[in-house]
There are 2 protein chains.
Amino acid sequence: MAARSADQNPEASVREVRPSNRPVRGPRVVDTVLDATLALVAERSYSFSIEDVARLARVHKTTVYRRFATKAALVGAAIERMALTQIPVPESADPLADLVALAEAVARVLSGPDGARTMRAVLVAASEDSDVLATARRLLTGRFDTAAQILSRAIASGQVRAGVDPVLFWAGIVNPLQVRALLGHPVSEATARELVALSLDGAHRATSIDPTDSWPTA
Amino acid sequence: MAARSADQNPEASVREVRPSNRPVRGPRVVDTVLDATLALVAERSYSFSIEDVARLARVHKTTVYRRFATKAALVGAAIERMALTQIPVPESADPLADLVALAEAVARVLSGPDGARTMRAVLVAASEDSDVLATARRLLTGRFDTAAQILSRAIASGQVRAGVDPVLFWAGIVNPLQVRALLGHPVSEATARELVALSLDGAHRATSIDPTDSWPTA
DNA sequence: GTGCTATCGCAACTCTAGTTGCGTCACGGA
DNA sequence: TCCGTGACGCAACTAGAGTTGCGATAGCAC
């Protein structure tokens, strides 16, 4: 039990397991617990126990229980922190290309089994705890201002007609990606591109722009 | 002990939907249990126990456990049956009006707290049981062939350009409604109408049709 | 009506999630 | 360096979900 002067800053090496078997106190333990929670959420969605989290974080389960009243609150806090990691805002000369880039970025996050499982866990936790529901709203409707911002640039440049509701417009692109992920369907960047194209062109027959090349296809 | 010939179950003396206090056997008990499950799902999402279901169905919890291995399987079976109740297929002279009617019908199902809670419960069960996930897929992607059918009529009548992917098109309308319900946002028929309008018109500036009256509003 | 059988009710059990009280030690201030 | 405080580990506890064996009976064939 010596080694008090040795590794003062073990969190600098963020490995999957805690480097030392020495007990940790204070706020750092919260980070460790949330890391473990996120790892389990990605791997097992909501099918894990708080004791699993404690084991992975190398703390005792009572420590977790004392910090977080319920499993839903724990998962809520974990995804709350995840929501802070921002997707870089694309800002090129072409707003439409930025829109595609943003949709592709969302698709990348959602693609893969981890994204789908995390997605489902968030909604499970949200159905148990209304506070987590609010967090889920922030997480799932995030990037909305980013999209609205890009859209207003597109309107200013004359590529998009004024009066388009940015909320509904972006929902028509992102929500299909999210639902596909939830249901275990493959989510690809190509799908994201197609959704943006369809949302821009519309389904109506008569458009003065040729739908096939009215926006940058990859 | 005795009481073999008398009332076994005094609490069941309350006249109820169930005709008698005599135990029910066979397939009928499954219906009763699934009815109780659906009622609880609508009211409490996934926050109920199997014993709650048994109490409401007036059967013993072992009966439920013997029929359904897990709570997820129980909920899966309940929504499976719900998925069979078809929304009437709108089929008027105007395919676009039919599309609006279908979207409004979906919005009606999703609006209200019951729809949202049921929605969330389905996803919770789906995250625990991959069989239920398949059922959830059928439930959430239902009416897809209906929409595709209407869309092909719209293409045939020249109101919608050919080459529109019916899956993505319908997803752009329904999935926003579903996600809004999931997150507890209000889901109205007006929202459904706006989504259809946006999906048809697109966001592009240049259309030869005036977007404001290119389809039946209100 | 009579007898067979599958299904249900019941009670007692196991197992695991979640709780509590207490001893111990990490952490920061003097 | 030492000391006080509060956070953590630990074990024992409680509660409720899920399981099992058996007796009882509804449903059905004859």
# chains A, B, ... in the order shown; residues from 1 in each chain; ligands from 1
$ closest_atom_pairs --of "chain D" --to "chain B" --cutoff "10 Å" --atoms "only C-alpha atoms (C1' of nucleotides)" --output "CSV"
residue,atom,partner,partner_atom,distance
D:DG16,C1',B:Ser49,CA,9.7
D:DA17,C1',B:Ser49,CA,8.1
D:DG18,C1',B:Tyr65,CA,8.2
D:DT19,C1',B:Thr62,CA,8.9
D:DA24,C1',B:Arg4,CA,9.4
D:DT25,C1',B:Pro23,CA,8.8
D:DA26,C1',B:Arg25,CA,6.5
D:DG27,C1',B:Arg25,CA,8.0
$ residues_around --residues "DG4 (chain D)" --least-positions-apart "4" --cutoff "12 Å" --atoms "only C-alpha atoms (C1' of nucleotides)" --output "list in words"
DC27, DG28, DG29 and DA30 of chain C
$ write_last_selection --atoms "N, CA and C atoms (P, O5', C5', C4', C3', O3' and C1' of nucleotides)" --output "PDB file, in the first residue's frame"
ATOM      1  P    DC C  27      -6.276   9.887  -3.247  1.00  0.00           P
ATOM      2  O5'  DC C  27      -6.631  11.308  -2.616  1.00  0.00           O
ATOM      3  C5'  DC C  27      -7.995  11.696  -2.506  1.00  0.00           C
ATOM      4  C4'  DC C  27      -8.099  12.945  -1.659  1.00  0.00           C
ATOM      5  C3'  DC C  27      -7.026  14.006  -1.967  1.00  0.00           C
ATOM      6  O3'  DC C  27      -7.650  15.226  -2.310  1.00  0.00           O
ATOM      7  C1'  DC C  27      -7.240  13.640   0.372  1.00  0.00           C
ATOM      8  P    DG C  28      -6.762  16.392  -3.041  1.00  0.00           P
ATOM      9  O5'  DG C  28      -7.005  17.680  -2.132  1.00  0.00           O
ATOM     10  C5'  DG C  28      -8.244  17.835  -1.464  1.00  0.00           C
ATOM     11  C4'  DG C  28      -8.039  18.603  -0.171  1.00  0.00           C
ATOM     12  C3'  DG C  28      -7.065  19.798  -0.269  1.00  0.00           C
ATOM     13  O3'  DG C  28      -7.606  20.879   0.462  1.00  0.00           O
ATOM     14  C1'  DG C  28      -6.357  18.339   1.438  1.00  0.00           C
ATOM     15  P    DG C  29      -6.956  22.375   0.330  1.00  0.00           P
ATOM     16  O5'  DG C  29      -6.839  22.852   1.851  1.00  0.00           O
ATOM     17  C5'  DG C  29      -7.949  22.653   2.725  1.00  0.00           C
ATOM     18  C4'  DG C  29      -7.467  22.748   4.170  1.00  0.00           C
ATOM     19  C3'  DG C  29      -6.559  23.947   4.457  1.00  0.00           C
ATOM     20  O3'  DG C  29      -6.878  24.484   5.733  1.00  0.00           O
ATOM     21  C1'  DG C  29      -5.419  21.949   4.971  1.00  0.00           C
ATOM     22  P    DA C  30      -6.313  25.915   6.194  1.00  0.00           P
ATOM     23  O5'  DA C  30      -5.276  25.551   7.342  1.00  0.00           O
ATOM     24  C5'  DA C  30      -5.752  24.882   8.498  1.00  0.00           C
ATOM     25  C4'  DA C  30      -4.574  24.399   9.339  1.00  0.00           C
ATOM     26  C3'  DA C  30      -3.547  25.485   9.678  1.00  0.00           C
ATOM     27  O3'  DA C  30      -3.157  25.363  11.037  1.00  0.00           O
ATOM     28  C1'  DA C  30      -2.474  23.660   8.645  1.00  0.00           C
TER      29       DA C  30
END
$ residues_around --residues "Val122 (chain B)" --least-positions-apart "5" --cutoff "12 Å" --atoms "only C-alpha atoms (C1' of nucleotides)" --output "PyMOL selection string"
(chain A and resi 120+123-124+127+182-183) or (chain B and resi 37-38+41-42+45-46+71-80+82-83+115-117+127-140+182)
$ interface_residues --of "chain C" --to "chain A" --cutoff "10 Å" --atoms "only C-alpha atoms (C1' of nucleotides)" --output "list in words"
DT16, DA17, DG18, DT19, DC25, DA26 and DC27 of chain C
$ atom_distance --atom1 "CA of Ala126 (chain B)" --atom2 "CA of Ser47 (chain A)"
11.4 Å
$ residues_around --residues "DG3 (chain C)" --least-positions-apart "6" --cutoff "12 Å" --atoms "only C-alpha atoms (C1' of nucleotides)" --output "count of residues only"
3
$ closest_residue --among "A:Pro88, A:Pro186, A:Gly202, A:Pro95" --to "chain B" --atoms "only C-alpha atoms"
A:Gly202
$ residues_around --residues "Val167 (chain B)" --least-positions-apart "2" --cutoff "12 Å" --atoms "only C-alpha atoms (C1' of nucleotides)" --output "VMD selection string"
(chain A and resid 176 180 191 194 to 195 198) or (chain B and resid 141 to 149 151 to 152 163 to 165 169 to 175)
$ write_last_selection --atoms "N, CA and C atoms" --output "short mmCIF file (atom, residue, chain, number, x, y, z; two decimals), in the first residue's frame"
data_model
loop_
_atom_site.label_atom_id
_atom_site.label_comp_id
_atom_site.auth_asym_id
_atom_site.auth_seq_id
_atom_site.Cartn_x
_atom_site.Cartn_y
_atom_site.Cartn_z
N PRO A 176 -34.79 9.45 -39.99
CA PRO A 176 -34.68 8.14 -40.66
C PRO A 176 -33.37 7.43 -40.32
N ARG A 180 -33.47 3.89 -38.31
CA ARG A 180 -32.81 2.73 -38.91
C ARG A 180 -31.80 2.13 -37.93
N THR A 191 -26.65 6.36 -47.50
CA THR A 191 -28.05 6.59 -47.14
C THR A 191 -28.26 8.05 -46.75
N GLU A 194 -28.37 10.16 -49.83
CA GLU A 194 -29.64 10.01 -50.56
C GLU A 194 -30.77 10.77 -49.88
N LEU A 195 -30.76 10.74 -48.54
CA LEU A 195 -31.81 11.43 -47.80
C LEU A 195 -31.72 12.94 -48.02
N LEU A 198 -33.01 13.69 -51.51
CA LEU A 198 -34.47 13.60 -51.61
C LEU A 198 -35.13 14.78 -50.91
N THR B 141 -42.12 -0.35 -39.31
CA THR B 141 -42.02 -0.14 -40.75
C THR B 141 -43.30 -0.58 -41.44
N GLY B 142 -44.32 -0.87 -40.63
CA GLY B 142 -45.61 -1.21 -41.20
C GLY B 142 -46.15 -0.05 -41.99
N ARG B 143 -47.22 -0.31 -42.74
CA ARG B 143 -47.82 0.67 -43.65
C ARG B 143 -46.82 1.09 -44.73
N PHE B 144 -45.68 0.39 -44.81
CA PHE B 144 -44.68 0.81 -45.78
C PHE B 144 -45.12 0.42 -47.18
N ASP B 145 -45.65 -0.78 -47.29
CA ASP B 145 -46.14 -1.22 -48.60
C ASP B 145 -47.34 -0.37 -48.99
N THR B 146 -48.15 -0.01 -47.99
CA THR B 146 -49.29 0.87 -48.28
C THR B 146 -48.80 2.18 -48.88
N ALA B 147 -47.79 2.77 -48.23
CA ALA B 147 -47.26 4.04 -48.73
C ALA B 147 -46.65 3.85 -50.11
N ALA B 148 -45.92 2.75 -50.29
CA ALA B 148 -45.28 2.51 -51.58
C ALA B 148 -46.33 2.37 -52.68
N GLN B 149 -47.43 1.73 -52.29
CA GLN B 149 -48.53 1.52 -53.24
C GLN B 149 -49.13 2.87 -53.67
N LEU B 151 -47.67 5.70 -53.48
CA LEU B 151 -46.66 6.46 -54.21
C LEU B 151 -46.60 6.02 -55.67
N SER B 152 -46.72 4.73 -55.90
CA SER B 152 -46.64 4.27 -57.30
C SER B 152 -47.86 4.76 -58.09
N GLY B 163 -38.64 7.27 -60.05
CA GLY B 163 -37.28 7.14 -59.50
C GLY B 163 -37.19 7.51 -58.04
N VAL B 164 -38.27 8.00 -57.46
CA VAL B 164 -38.25 8.30 -56.03
C VAL B 164 -38.27 6.99 -55.23
N ASP B 165 -37.31 6.87 -54.35
CA ASP B 165 -37.25 5.67 -53.50
C ASP B 165 -38.39 5.71 -52.49
N PHE B 169 -38.52 7.93 -49.01
CA PHE B 169 -39.54 8.97 -49.03
C PHE B 169 -40.48 8.85 -47.84
N TRP B 170 -40.99 7.64 -47.62
CA TRP B 170 -41.93 7.43 -46.52
C TRP B 170 -41.23 7.56 -45.17
N ALA B 171 -39.97 7.13 -45.12
CA ALA B 171 -39.21 7.27 -43.89
C ALA B 171 -39.07 8.74 -43.51
N GLY B 172 -38.87 9.57 -44.48
CA GLY B 172 -38.72 11.00 -44.21
C GLY B 172 -39.96 11.62 -43.63
N ILE B 173 -41.09 10.96 -43.80
CA ILE B 173 -42.35 11.46 -43.25
C ILE B 173 -42.67 10.81 -41.90
N VAL B 174 -42.58 9.47 -41.86
CA VAL B 174 -43.02 8.74 -40.67
C VAL B 174 -42.00 8.83 -39.54
N ASN B 175 -40.74 8.67 -39.85
CA ASN B 175 -39.74 8.62 -38.79
C ASN B 175 -39.69 9.89 -37.95
#
$ select_by_dssp --residues "region 50-135 of chain A" --states "alpha helix (DSSP H)" --output "VMD selection string"
chain A and resid 50 to 57 61 to 67 71 to 84 95 to 110 112 to 128 130 to 135
$ atom_distance --atom1 "CA of Asp94 (chain B)" --atom2 "CA of Ser157 (chain B)"
9.0 Å
$ atom_distance --atom1 "C1' of DG23 (chain C)" --atom2 "CA of Pro27 (chain A)"
22.5 Å
$ residues_around --residues "Ala103 (chain A)" --least-positions-apart "4" --cutoff "8 Å" --atoms "only C-alpha atoms (C1' of nucleotides)" --output "JSON, numbers by chain"
{"A": [99, 107, 173, 174, 189, 192, 193, 196]}
